[in-house]
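Asker: Okay, so here is work_1.txt, and as you'll see once you scroll down, it has compact mmCIF, C-alpha atoms and all ligand atoms.
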```txt
# COMPACT_ATOMS: atom_id res chain seq x y z
CA MET M 826 27.02 -44.70 -6.58
CA THR M 827 26.41 -43.72 -2.96
CA ASP M 828 23.51 -45.58 -1.36
CA PHE M 829 20.52 -43.83 0.20
CA SER M 830 21.12 -45.63 3.50
CA ASP M 831 24.57 -43.96 3.63
CA ILE M 832 23.10 -40.49 3.45
CA ALA M 833 19.93 -41.02 5.51
CA PRO M 834 21.46 -39.90 8.83
CA ARG M 835 22.63 -36.66 7.25
CA LEU M 836 19.10 -35.76 6.16
CA ALA M 837 18.14 -35.37 9.81
CA GLU M 838 20.53 -32.40 9.97
CA GLN M 839 18.37 -30.34 7.63
CA ALA M 840 16.69 -27.25 9.09
CA ILE M 841 14.91 -24.63 6.98
CA GLU M 842 13.53 -21.33 8.24
CA LEU M 843 10.13 -20.23 6.97
CA PRO M 844 9.27 -16.57 6.33
CA SER M 845 6.35 -15.32 8.42
CA TRP M 846 5.23 -13.23 5.46
CA ALA M 847 4.56 -16.33 3.40
CA PHE M 848 1.42 -16.98 5.44
CA GLY M 849 -0.43 -13.70 4.95
CA ASN M 850 -2.17 -12.47 1.84
CA SER M 851 0.10 -11.37 -0.97
CA GLY M 852 0.05 -10.74 -4.65
CA THR M 853 1.72 -8.67 -7.30
CA ARG M 854 1.81 -4.95 -7.94
CA PHE M 855 -1.44 -5.51 -9.81
CA LYS M 856 -3.53 -7.32 -7.24
CA VAL M 857 -3.41 -8.83 -3.78
CA PHE M 858 -5.60 -11.93 -3.66
CA ALA M 859 -7.19 -12.57 -0.29
CA GLN M 860 -7.40 -16.19 0.85
CA PRO M 861 -9.75 -17.56 3.48
CA GLY M 862 -8.14 -18.40 6.79
CA VAL M 863 -5.06 -16.20 6.54
CA PRO M 864 -3.54 -15.24 9.89
CA ARG M 865 -4.89 -12.20 11.68
CA ASP M 866 -1.75 -11.61 13.70
CA PRO M 867 1.85 -12.85 14.06
CA PHE M 868 0.76 -15.54 16.53
CA GLU M 869 -1.43 -17.16 13.90
CA LYS M 870 1.38 -16.90 11.32
CA ILE M 871 3.58 -18.90 13.69
CA SER M 872 0.84 -21.49 14.18
CA ASP M 873 0.53 -21.94 10.42
CA ALA M 874 4.27 -22.19 9.96
CA ALA M 875 4.34 -24.84 12.69
CA GLN M 876 2.08 -27.06 10.56
CA VAL M 877 4.84 -27.26 7.97
CA HIS M 878 7.31 -28.46 10.58
CA ARG M 879 4.83 -30.85 12.15
CA LEU M 880 4.31 -32.64 8.84
CA THR M 881 7.83 -32.53 7.43
CA GLY M 882 10.24 -32.22 10.37
CA LEU M 883 12.17 -29.80 8.19
CA ALA M 884 11.18 -26.31 9.30
CA PRO M 885 11.91 -25.69 12.98
CA LYS M 886 12.21 -21.89 12.74
CA VAL M 887 10.17 -18.93 11.56
CA ALA M 888 11.75 -15.67 10.38
CA LEU M 889 10.10 -12.41 11.44
CA HIS M 890 9.74 -9.13 9.58
CA ILE M 891 9.60 -5.90 11.58
CA PRO M 892 7.30 -3.98 11.76
CA TRP M 893 4.96 -6.46 10.02
CA ASP M 894 5.33 -8.86 12.94
CA LYS M 895 5.51 -6.28 15.68
CA VAL M 896 3.81 -7.43 18.90
CA ASP M 897 3.70 -5.96 22.39
CA ASP M 898 5.45 -8.92 23.93
CA PHE M 899 8.01 -10.77 21.85
CA GLY M 900 8.70 -13.09 24.76
CA ALA M 901 5.10 -14.22 24.51
CA LEU M 902 5.52 -14.75 20.75
CA ALA M 903 8.63 -16.85 21.40
CA ARG M 904 6.75 -18.91 24.01
CA HIS M 905 3.87 -19.39 21.59
CA ALA M 906 6.35 -20.61 18.98
CA ALA M 907 7.83 -23.06 21.48
CA ASP M 908 4.33 -24.32 22.37
CA GLU M 909 3.79 -24.98 18.67
CA GLY M 910 7.09 -26.85 18.41
CA VAL M 911 9.09 -24.21 16.54
CA ALA M 912 11.39 -21.27 17.38
CA LEU M 913 11.72 -17.70 16.17
CA GLY M 914 14.57 -17.16 13.74
CA THR M 915 16.04 -14.38 11.65
CA VAL M 916 14.72 -10.85 12.11
CA ASN M 917 14.25 -8.95 8.85
CA SER M 918 14.34 -5.17 8.87
CA ASN M 919 12.11 -2.98 6.72
CA THR M 920 13.32 0.35 5.36
CA PHE M 921 11.26 0.30 2.20
CA GLN M 922 7.69 1.17 3.15
CA ASP M 923 8.03 4.65 4.55
CA ASP M 924 7.74 7.94 2.64
CA ASP M 925 10.99 9.11 4.23
CA TYR M 926 12.85 6.38 2.37
CA LYS M 927 11.82 7.37 -1.15
CA LEU M 928 15.38 8.35 -2.04
CA GLY M 929 17.14 5.91 0.26
CA SER M 930 17.42 4.76 3.87
CA VAL M 931 20.85 3.96 5.33
CA THR M 932 22.43 5.62 2.26
CA HIS M 933 20.31 8.79 2.38
CA ARG M 934 22.04 12.17 2.28
CA ASP M 935 19.79 13.51 5.02
CA ASP M 936 21.27 12.73 8.45
CA ARG M 937 17.82 12.54 10.02
CA ILE M 938 16.54 9.91 7.60
CA ARG M 939 19.73 7.91 7.80
CA GLN M 940 19.54 7.93 11.59
CA LYS M 941 15.92 6.88 11.43
CA ALA M 942 16.92 3.85 9.34
CA ILE M 943 19.76 3.02 11.71
CA ASP M 944 17.42 3.35 14.70
CA HIS M 945 15.02 0.93 13.03
CA HIS M 946 17.82 -1.62 12.93
CA PHE M 947 18.57 -0.96 16.60
CA GLU M 948 14.92 -1.73 17.27
CA CYS M 949 15.30 -4.99 15.34
CA ILE M 950 18.29 -5.90 17.51
CA ASP M 951 16.16 -5.19 20.59
CA VAL M 952 13.61 -7.64 19.19
CA MET M 953 16.37 -10.21 18.62
CA ASN M 954 17.40 -9.84 22.25
CA GLU M 955 13.87 -10.74 23.30
CA THR M 956 13.32 -13.57 20.83
CA GLY M 957 16.79 -15.07 21.10
CA SER M 958 17.28 -14.69 17.35
CA ARG M 959 20.80 -14.92 16.02
CA ASP M 960 20.56 -13.10 12.68
CA LEU M 961 19.55 -9.63 11.58
CA LYS M 962 18.84 -9.71 7.86
CA ILE M 963 19.18 -6.47 5.96
CA TRP M 964 17.76 -6.11 2.51
CA LEU M 965 17.83 -2.53 1.23
CA ALA M 966 15.63 -1.01 -1.44
CA ASP M 967 18.18 1.81 -1.76
CA GLY M 968 19.22 2.86 -5.25
CA THR M 969 18.51 5.36 -8.00
CA ASN M 970 16.48 5.36 -11.18
CA TYR M 971 18.50 7.76 -13.32
CA PRO M 972 22.17 8.32 -14.06
CA GLY M 973 23.25 11.43 -12.19
CA GLN M 974 20.34 11.24 -9.74
CA ASP M 975 22.80 10.85 -6.86
CA ASP M 976 26.48 10.31 -6.25
CA VAL M 977 26.82 6.52 -6.08
CA ARG M 978 30.22 6.71 -4.35
CA GLY M 979 28.85 8.90 -1.58
CA ARG M 980 25.99 6.49 -1.09
CA GLN M 981 28.39 3.57 -0.78
CA ASP M 982 30.40 5.45 1.85
CA ARG M 983 27.28 6.29 3.83
CA LEU M 984 26.16 2.66 3.56
CA ALA M 985 29.45 1.54 5.11
CA ASP M 986 29.12 4.09 7.89
CA SER M 987 25.51 3.13 8.71
CA LEU M 988 26.25 -0.58 8.64
CA GLN M 989 29.14 -0.06 11.02
CA LYS M 990 26.83 1.63 13.52
CA ILE M 991 24.35 -1.24 13.25
CA TYR M 992 27.11 -3.84 13.49
CA ASP M 993 28.49 -2.24 16.64
CA ARG M 994 25.13 -2.85 18.35
CA LEU M 995 25.16 -6.61 17.77
CA GLY M 996 25.59 -8.91 20.73
CA ASP M 997 28.45 -11.39 20.85
CA ASP M 998 26.32 -14.22 19.47
CA GLN M 999 24.42 -12.15 16.93
CA ARG M 1000 25.15 -11.67 13.26
CA LEU M 1001 24.22 -9.30 10.47
CA VAL M 1002 23.51 -10.76 7.03
CA LEU M 1003 23.46 -8.35 4.10
CA GLU M 1004 21.29 -9.39 1.17
CA TYR M 1005 22.04 -8.24 -2.36
CA LYS M 1006 19.72 -7.81 -5.31
CA PHE M 1007 20.61 -6.61 -8.78
CA PHE M 1008 17.59 -4.37 -9.36
CA GLU M 1009 14.10 -3.46 -8.14
CA PRO M 1010 12.66 -1.25 -6.81
CA ALA M 1011 15.50 0.91 -8.13
CA PHE M 1012 16.16 0.44 -11.82
CA TYR M 1013 19.35 2.32 -12.68
CA HIS M 1014 21.56 1.36 -9.78
CA THR M 1015 21.06 -0.51 -6.51
CA ASP M 1016 23.36 0.19 -3.57
CA VAL M 1017 23.89 -3.52 -2.78
CA PRO M 1018 23.44 -5.08 -6.22
CA ASP M 1019 25.70 -8.14 -6.09
CA TRP M 1020 27.63 -10.55 -3.90
CA GLY M 1021 30.85 -8.64 -4.42
CA THR M 1022 29.40 -5.44 -2.98
CA SER M 1023 27.83 -7.30 -0.08
CA TYR M 1024 31.10 -9.12 0.52
CA ALA M 1025 33.12 -5.88 0.43
CA GLN M 1026 30.75 -4.23 2.89
CA VAL M 1027 30.48 -7.10 5.36
CA SER M 1028 34.20 -7.84 5.23
CA ALA M 1029 34.90 -4.27 6.34
CA LEU M 1030 32.58 -4.75 9.32
CA GLY M 1031 34.03 -7.87 10.88
CA PRO M 1032 33.42 -11.55 11.58
CA LYS M 1033 29.80 -11.18 12.67
CA ALA M 1034 28.76 -9.80 9.27
CA MET M 1035 27.97 -12.17 6.43
CA VAL M 1036 26.41 -12.26 2.97
CA CYS M 1037 22.82 -13.41 2.36
CA LEU M 1038 22.24 -15.03 -1.02
CA ASP M 1039 18.67 -14.88 -2.32
CA THR M 1040 18.45 -17.27 -5.26
CA GLY M 1041 15.99 -14.97 -7.04
CA HIS M 1042 18.23 -11.90 -7.02
CA HIS M 1043 20.53 -12.51 -9.97
CA ALA M 1044 20.50 -11.72 -13.65
CA PRO M 1045 19.38 -14.59 -15.92
CA GLY M 1046 22.22 -16.95 -16.67
CA THR M 1047 24.18 -16.18 -13.50
CA ASN M 1048 26.09 -19.18 -12.21
CA ILE M 1049 24.74 -19.04 -8.66
CA GLU M 1050 26.51 -22.18 -7.49
CA PHE M 1051 29.82 -20.54 -8.32
CA ILE M 1052 28.92 -17.66 -5.99
CA VAL M 1053 27.97 -20.20 -3.32
CA MET M 1054 31.34 -21.90 -3.72
CA GLN M 1055 33.21 -18.60 -3.52
CA LEU M 1056 31.39 -17.27 -0.45
CA LEU M 1057 31.86 -20.56 1.40
CA ARG M 1058 35.52 -20.54 0.42
CA LEU M 1059 35.81 -17.03 1.85
CA GLY M 1060 33.88 -17.97 5.00
CA LYS M 1061 31.24 -15.33 4.33
CA LEU M 1062 28.11 -17.20 3.31
CA GLY M 1063 25.71 -16.37 6.14
CA SER M 1064 22.37 -17.43 4.78
CA PHE M 1065 20.19 -18.37 1.85
CA ASP M 1066 16.84 -17.02 0.83
CA PHE M 1067 15.56 -19.84 -1.35
CA ASN M 1068 12.88 -19.31 -3.98
CA SER M 1069 12.40 -19.77 -7.73
CA ARG M 1070 12.46 -17.26 -10.51
CA PHE M 1071 11.58 -17.39 -14.16
CA TYR M 1072 12.05 -13.69 -14.88
CA ALA M 1073 12.81 -11.30 -12.03
CA ASP M 1074 12.30 -11.57 -8.25
CA ASP M 1075 9.40 -13.98 -8.71
CA ASP M 1076 9.49 -15.47 -5.18
CA LEU M 1077 7.97 -18.73 -6.42
CA ILE M 1078 8.09 -22.20 -4.87
CA VAL M 1079 11.68 -23.38 -4.46
CA GLY M 1080 12.80 -25.78 -7.15
CA ALA M 1081 9.75 -25.08 -9.32
CA ALA M 1082 11.59 -23.20 -12.05
CA ASP M 1083 14.89 -25.04 -12.19
CA PRO M 1084 15.34 -28.08 -9.94
CA PHE M 1085 18.71 -28.76 -11.55
CA GLN M 1086 19.98 -25.34 -10.46
CA LEU M 1087 18.80 -26.07 -6.91
CA PHE M 1088 20.69 -29.38 -7.06
CA ARG M 1089 23.86 -27.67 -8.31
CA ILE M 1090 23.65 -25.09 -5.54
CA LEU M 1091 23.24 -27.80 -2.91
CA VAL M 1092 26.16 -29.77 -4.33
CA GLU M 1093 28.38 -26.73 -3.72
CA VAL M 1094 26.85 -26.13 -0.28
CA ILE M 1095 27.74 -29.68 0.76
CA ARG M 1096 31.15 -29.55 -0.92
CA GLY M 1097 31.94 -26.30 0.90
CA GLY M 1098 30.84 -27.46 4.37
CA GLY M 1099 27.73 -25.29 4.39
CA TYR M 1100 25.29 -28.09 5.19
CA GLY M 1101 24.21 -29.67 8.44
CA ALA M 1102 25.55 -29.82 11.96
CA GLY M 1103 28.65 -27.71 12.33
CA SER M 1104 27.63 -25.23 9.65
CA ASP M 1105 26.47 -21.69 10.43
CA VAL M 1106 24.72 -21.19 7.10
CA ALA M 1107 21.02 -20.43 7.63
CA PHE M 1108 18.69 -21.98 5.08
CA MET M 1109 15.64 -19.77 4.70
CA LEU M 1110 12.80 -19.57 2.26
CA ASP M 1111 11.83 -16.20 0.85
CA GLN M 1112 8.70 -17.08 -0.97
CA CYS M 1113 5.53 -15.09 -1.15
CA HIS M 1114 2.50 -17.00 -2.29
CA ASN M 1115 0.24 -15.42 -4.81
CA VAL M 1116 -2.14 -17.93 -6.39
CA GLU M 1117 -1.36 -21.10 -4.43
CA ASP M 1118 -2.44 -22.05 -0.90
CA LYS M 1119 0.09 -20.83 1.61
CA ILE M 1120 0.76 -23.73 3.95
CA PRO M 1121 0.97 -26.45 1.26
CA GLY M 1122 3.07 -24.04 -0.81
CA GLN M 1123 5.66 -23.97 1.96
CA ILE M 1124 5.42 -27.73 2.44
CA ARG M 1125 6.14 -28.22 -1.27
CA SER M 1126 9.17 -25.94 -1.04
CA VAL M 1127 10.82 -27.57 1.96
CA LEU M 1128 10.23 -30.99 0.41
CA ASN M 1129 11.85 -29.79 -2.80
CA VAL M 1130 14.89 -28.57 -0.85
CA GLN M 1131 15.07 -31.91 0.95
CA GLU M 1132 14.79 -33.85 -2.29
CA MET M 1133 17.60 -31.95 -3.96
CA THR M 1134 19.70 -32.14 -0.81
CA ALA M 1135 19.33 -35.92 -0.84
CA ARG M 1136 20.33 -36.07 -4.49
CA ALA M 1137 23.31 -33.79 -3.83
CA LEU M 1138 24.38 -35.97 -0.91
CA LEU M 1139 24.24 -38.97 -3.26
CA VAL M 1140 27.06 -37.64 -5.41
CA ASP M 1141 29.86 -40.18 -5.23
CA ARG M 1142 32.62 -37.83 -4.16
CA GLY M 1143 35.40 -40.37 -4.39
CA ALA M 1144 34.50 -41.44 -7.91
CA LEU M 1145 33.98 -37.82 -8.93
CA ASP M 1146 37.37 -36.78 -7.65
CA ALA M 1147 39.03 -39.71 -9.41
CA ALA M 1148 37.33 -38.87 -12.69
CA GLN M 1149 38.24 -35.19 -12.36
CA THR M 1150 41.85 -36.03 -11.56
CA ALA M 1151 42.01 -38.32 -14.57
CA GLY M 1152 40.65 -35.55 -16.79
CA ASP M 1153 37.68 -37.77 -17.60
CA VAL M 1154 35.31 -34.98 -18.63
CA LEU M 1155 32.29 -37.08 -19.54
CA GLY M 1156 32.87 -39.55 -16.73
CA ALA M 1157 32.91 -36.77 -14.12
CA HIS M 1158 29.86 -35.12 -15.61
CA GLY M 1159 28.09 -38.48 -15.70
CA ILE M 1160 28.74 -39.09 -12.00
CA LEU M 1161 27.11 -35.78 -11.11
CA MET M 1162 24.16 -36.45 -13.40
CA ASP M 1163 23.66 -39.96 -11.99
CA ALA M 1164 23.01 -38.40 -8.61
CA PHE M 1165 20.75 -35.71 -10.06
CA TYR M 1166 18.61 -38.21 -11.94
CA THR M 1167 18.11 -40.50 -8.93
CA ASP M 1168 14.48 -40.49 -7.87
CA VAL M 1169 14.77 -40.26 -4.09
CA ARG M 1170 11.07 -39.76 -3.42
CA PRO M 1171 10.20 -43.35 -2.42
CA ALA M 1172 13.24 -43.56 -0.13
CA LEU M 1173 12.37 -40.20 1.42
CA ALA M 1174 8.80 -41.35 2.06
CA GLU M 1175 10.16 -44.38 3.92
CA TRP M 1176 12.67 -42.20 5.78
CA ARG M 1177 9.83 -39.96 6.94
CA GLU M 1178 7.73 -42.86 8.13
CA SER M 1179 10.65 -44.28 10.04
CA ARG M 1180 10.74 -40.98 11.94
CA GLY M 1181 7.03 -40.87 12.71
CA LEU M 1182 6.28 -38.36 9.96
CA PRO M 1183 3.69 -38.79 7.21
CA ALA M 1184 5.07 -40.44 4.09
CA ASP M 1185 3.30 -37.82 1.99
CA PRO M 1186 3.14 -34.50 3.87
CA MET M 1187 1.17 -32.80 1.09
CA ARG M 1188 -1.59 -35.37 1.34
CA ALA M 1189 -1.41 -35.42 5.13
CA TYR M 1190 -1.98 -31.66 5.18
CA ALA M 1191 -4.91 -31.93 2.77
CA GLU M 1192 -6.45 -34.64 4.95
CA SER M 1193 -5.71 -32.89 8.25
CA GLY M 1194 -8.61 -30.46 8.00
CA TYR M 1195 -6.35 -27.65 9.24
CA GLY M 1196 -7.01 -25.50 6.17
CA ALA M 1197 -10.78 -25.82 6.50
CA GLY M 1198 -10.49 -25.15 10.22
CA ILE M 1199 -8.66 -21.84 9.88
CA ALA M 1200 -10.92 -20.78 7.02
CA ALA M 1201 -13.91 -21.27 9.30
CA SER M 1202 -12.46 -19.75 12.44
CA ARG M 1203 -10.53 -16.73 11.14
CA VAL M 1204 -12.22 -13.80 9.56
CA GLY M 1205 -10.41 -10.67 8.35
CA GLY M 1206 -6.88 -11.97 7.95
CA GLU M 1207 -4.12 -9.43 7.59
CA GLN M 1208 -2.00 -8.88 4.53
CA ALA M 1209 1.60 -9.97 4.44
CA GLY M 1210 3.54 -6.74 4.11
CA TRP M 1211 3.54 -6.56 0.33
CA GLY M 1212 0.69 -4.39 -0.80
CA ALA M 1213 -0.35 -3.84 2.80
C1 LIG M 1301 12.64 -7.93 -1.74
O1 LIG M 1301 13.34 -8.26 -2.88
C2 LIG M 1301 12.64 -9.09 -0.81
O2 LIG M 1301 12.06 -10.16 -1.56
C3 LIG M 1301 14.01 -9.45 -0.32
O3 LIG M 1301 14.43 -10.63 -0.97
C4 LIG M 1301 13.86 -9.68 1.15
O4 LIG M 1301 14.55 -10.77 1.62
C5 LIG M 1301 12.37 -9.84 1.27
O5 LIG M 1301 11.88 -8.94 0.32
C6 LIG M 1301 11.84 -9.52 2.61
O6 LIG M 1301 12.21 -8.21 3.01
MN MN M 1302 15.14 -12.30 0.06
MN MN M 1303 13.45 -10.63 -3.11
```
Produce C-alpha cells that represent the structure in this file.
Ligand code: PSV
Ligand code: MN
Ligand code: MN
Answerer:
Amino acid sequence: MTDFSDIAPRLAEQAIELPSWAFGNSGTRFKVFAQPGVPRDPFEKISDAAQVHRLTGLAPKVALHIPWDKVDDFGALARHAADEGVALGTVNSNTFQDDDYKLGSVTHRDDRIRQKAIDHHFECIDVMNETGSRDLKIWLADGTNYPGQDDVRGRQDRLADSLQKIYDRLGDDQRLVLEYKFFEPAFYHTDVPDWGTSYAQVSALGPKAMVCLDTGHHAPGTNIEFIVMQLLRLGKLGSFDFNSRFYADDDLIVGAADPFQLFRILVEVIRGGGYGAGSDVAFMLDQCHNVEDKIPGQIRSVLNVQEMTARALLVDRGALDAAQTAGDVLGAHGILMDAFYTDVRPALAEWRESRGLPADPMRAYAESGYGAGIAASRVGGEQAGWGA
C-alpha cells in the first residue's frame, strides 16, 4: 500500500475552479430561495469564492458566466480577484436565456440568430483577453422536443460552421471547451448530447478545441471513468465540471451522491496524466446551491475532491499492475478497494496544518464570522443566472 507521505507533495498540485454562479441565489424551476448575504455584484461573488481558497488552498480560480458577470471593467475585476488571492478562470457563454434562442442558437436556421450567438462568443473572447482567461466554455441548450421538428443533420452542420468561426477568433494561448449533455432543456434531441459528438466537433476544429465533461450530464449507469480514460487517451479532455447527480442534472455537492464514482474518475484522471503540474485539464465545479449555504457548500465540494484525489493517489500502481498481469481478478480489485476505503481525513487535516491552513476548513468558516458579516452588510443580493 502506498503511504500518505509518498503522495503528500502531489496534493499541493491540486487546483479547482469555482463557478461564480454558485454564490448567488438559485433554486429549481419551482422556486428560487433567497439567502441573506448573497453577492450584489460579480466583485462580491469573487470575494466569497476567495474565502473557499483562503481556507482550503484548493480553489485559486473563479469561472465567470457572461452576461451574468458582465462588468464595465474586467481589468478591475481581475485586479480585485488578485487582491483577494485568486484569479479569474474559464469564461462561460450563455445562449440560453434569450427569446431569439427558443429554437436554437449556433445551430439556428436563421442567419441573423446564428450570427448573434457567434457574436456573443466573440464578446466572451474579448472578455478573456481582458481577464487573461485561457478557456472559453460552451454549453448549448440547442435541441428539439419532437421528432421532425427540425433537420438534425442540418443543425449539426451549422454547429460545425459556427464553432469554426468562434474557434478562428481564439488567441494562440486560448482554448474552446465544448460541453455535452444528454438532455434538458431539449427533450427529444440535443445537438451536443454526448462525448462522441463533442469529440467529433472539437476534433474537426483543431488542437485548441477540447471536450468538457460535466459529471452530471450522463444517463444513469454510464461508466463515466471510461469516458475520462478515452478522452485522455485521445488528448481531448479539456476540463471537468464536477457535481453530483441522483436523477438528472442535479448540480449537487461533488461526491455527495456517489463518492466511489468520484474516486474511480480520479483514478483514471491520474492514470491518464490528467492530474497536477504538467496537465492542461481544468478541474471546475458546476454546482448550484439550492438549500445549503453557498460558501460552505463549495468548501465541502473541494474537500471531497481532495479526499478522493488522495485516495486515488494511494492506489499501489505497481502491485495493481502485477495483479492485473497475473490475471489475479480479486487481487487487483482488492488493491483498488484498499485505496478507496482508506480514511485519509486525519492525514489531510495534518497536511493542511503543515501548510498554515485550518485543519477543519468547514469549522474554520463557521467560526470566521464571514457569513454573519455578509448577511449584515449586504442587502438585495442578486440571483445567480438560473431563474433570474
Ligand atoms: C446547464 O446544464 C449547465 O448546468 C451546464 O452544465 C453549464 O456548464 C452550466 O449550466 C453553466 O452554463
Ligand atoms: Mn456544466
Ligand atoms: Mn449542467
Asker: Given a cut-off of 12 Å, what residues near ligand MN 1302 (chain M) show up using all atoms listed in the file, put as an mmCIF file with C-alpha atoms, keeping the file's coordinate frame?
Answerer:
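That gives us out_30.cif:
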```cif
data_model
loop_
_atom_site.group_PDB
_atom_site.id
_atom_site.type_symbol
_atom_site.label_atom_id
_atom_site.label_comp_id
_atom_site.auth_asym_id
_atom_site.auth_seq_id
_atom_site.Cartn_x
_atom_site.Cartn_y
_atom_site.Cartn_z
ATOM 1 C CA LEU M 843 10.130 -20.230 6.970
ATOM 2 C CA PRO M 844 9.270 -16.570 6.330
ATOM 3 C CA TRP M 846 5.230 -13.230 5.460
ATOM 4 C CA ALA M 847 4.560 -16.330 3.400
ATOM 5 C CA ALA M 888 11.750 -15.670 10.380
ATOM 6 C CA HIS M 890 9.740 -9.130 9.580
ATOM 7 C CA THR M 915 16.040 -14.380 11.650
ATOM 8 C CA ASN M 917 14.250 -8.950 8.850
ATOM 9 C CA SER M 918 14.340 -5.170 8.870
ATOM 10 C CA ASN M 919 12.110 -2.980 6.720
ATOM 11 C CA LYS M 962 18.840 -9.710 7.860
ATOM 12 C CA ILE M 963 19.180 -6.470 5.960
ATOM 13 C CA TRP M 964 17.760 -6.110 2.510
ATOM 14 C CA LEU M 965 17.830 -2.530 1.230
ATOM 15 C CA ALA M 966 15.630 -1.010 -1.440
ATOM 16 C CA VAL M 1002 23.510 -10.760 7.030
ATOM 17 C CA LEU M 1003 23.460 -8.350 4.100
ATOM 18 C CA GLU M 1004 21.290 -9.390 1.170
ATOM 19 C CA TYR M 1005 22.040 -8.240 -2.360
ATOM 20 C CA LYS M 1006 19.720 -7.810 -5.310
ATOM 21 C CA PHE M 1007 20.610 -6.610 -8.780
ATOM 22 C CA VAL M 1036 26.410 -12.260 2.970
ATOM 23 C CA CYS M 1037 22.820 -13.410 2.360
ATOM 24 C CA LEU M 1038 22.240 -15.030 -1.020
ATOM 25 C CA ASP M 1039 18.670 -14.880 -2.320
ATOM 26 C CA THR M 1040 18.450 -17.270 -5.260
ATOM 27 C CA GLY M 1041 15.990 -14.970 -7.040
ATOM 28 C CA HIS M 1042 18.230 -11.900 -7.020
ATOM 29 C CA HIS M 1043 20.530 -12.510 -9.970
ATOM 30 C CA SER M 1064 22.370 -17.430 4.780
ATOM 31 C CA PHE M 1065 20.190 -18.370 1.850
ATOM 32 C CA ASP M 1066 16.840 -17.020 0.830
ATOM 33 C CA PHE M 1067 15.560 -19.840 -1.350
ATOM 34 C CA ASN M 1068 12.880 -19.310 -3.980
ATOM 35 C CA SER M 1069 12.400 -19.770 -7.730
ATOM 36 C CA ARG M 1070 12.460 -17.260 -10.510
ATOM 37 C CA ASP M 1074 12.300 -11.570 -8.250
ATOM 38 C CA ASP M 1075 9.400 -13.980 -8.710
ATOM 39 C CA ASP M 1076 9.490 -15.470 -5.180
ATOM 40 C CA LEU M 1077 7.970 -18.730 -6.420
ATOM 41 C CA PHE M 1108 18.690 -21.980 5.080
ATOM 42 C CA MET M 1109 15.640 -19.770 4.700
ATOM 43 C CA LEU M 1110 12.800 -19.570 2.260
ATOM 44 C CA ASP M 1111 11.830 -16.200 0.850
ATOM 45 C CA GLN M 1112 8.700 -17.080 -0.970
ATOM 46 C CA CYS M 1113 5.530 -15.090 -1.150
#
```
Asker: So how far away is atom CA of M:Gly1097 from atom CA of M:Ala1164, in Å?
Answerer: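 Interatomic distance, atom CA of M:Ala1164 to atom CA of M:Gly1097: 17.8 Å.
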Asker: Once you count all atoms listed in the file, which residues end up no further than 6 Å from (-0.9, -15.2, -0.1) in the file's frame, shown as a list in words?
Answerer: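 Residues found, by chain and rising number: Gly849, Asn850, Ser851, His1114, Asn1115 and Lys1119 of chain M.
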Asker: With 12 Å as the threshold, what does the neighbourhood of (18.5, 1.6, 14.1) contain in terms of residues, counting only C-alpha atoms? Coordinates are those of the file; answer as a ChimeraX atom specification.
Answerer: /M:891,918-920,930-931,937-952,961,963,987-995
Asker: To one decimal in Å, tell me the separation between atom CA of M:Glu842 and atom CA of M:Asp1163.
Answerer: 29.3 Å
Asker: Within 8 Å of M:Leu928, counting all atoms listed in the file, which residues qualify if same-chain residues fewer than 3 places away don't, as an NGL selection string?
Answerer: :M and (925 or 933 or 967-969)
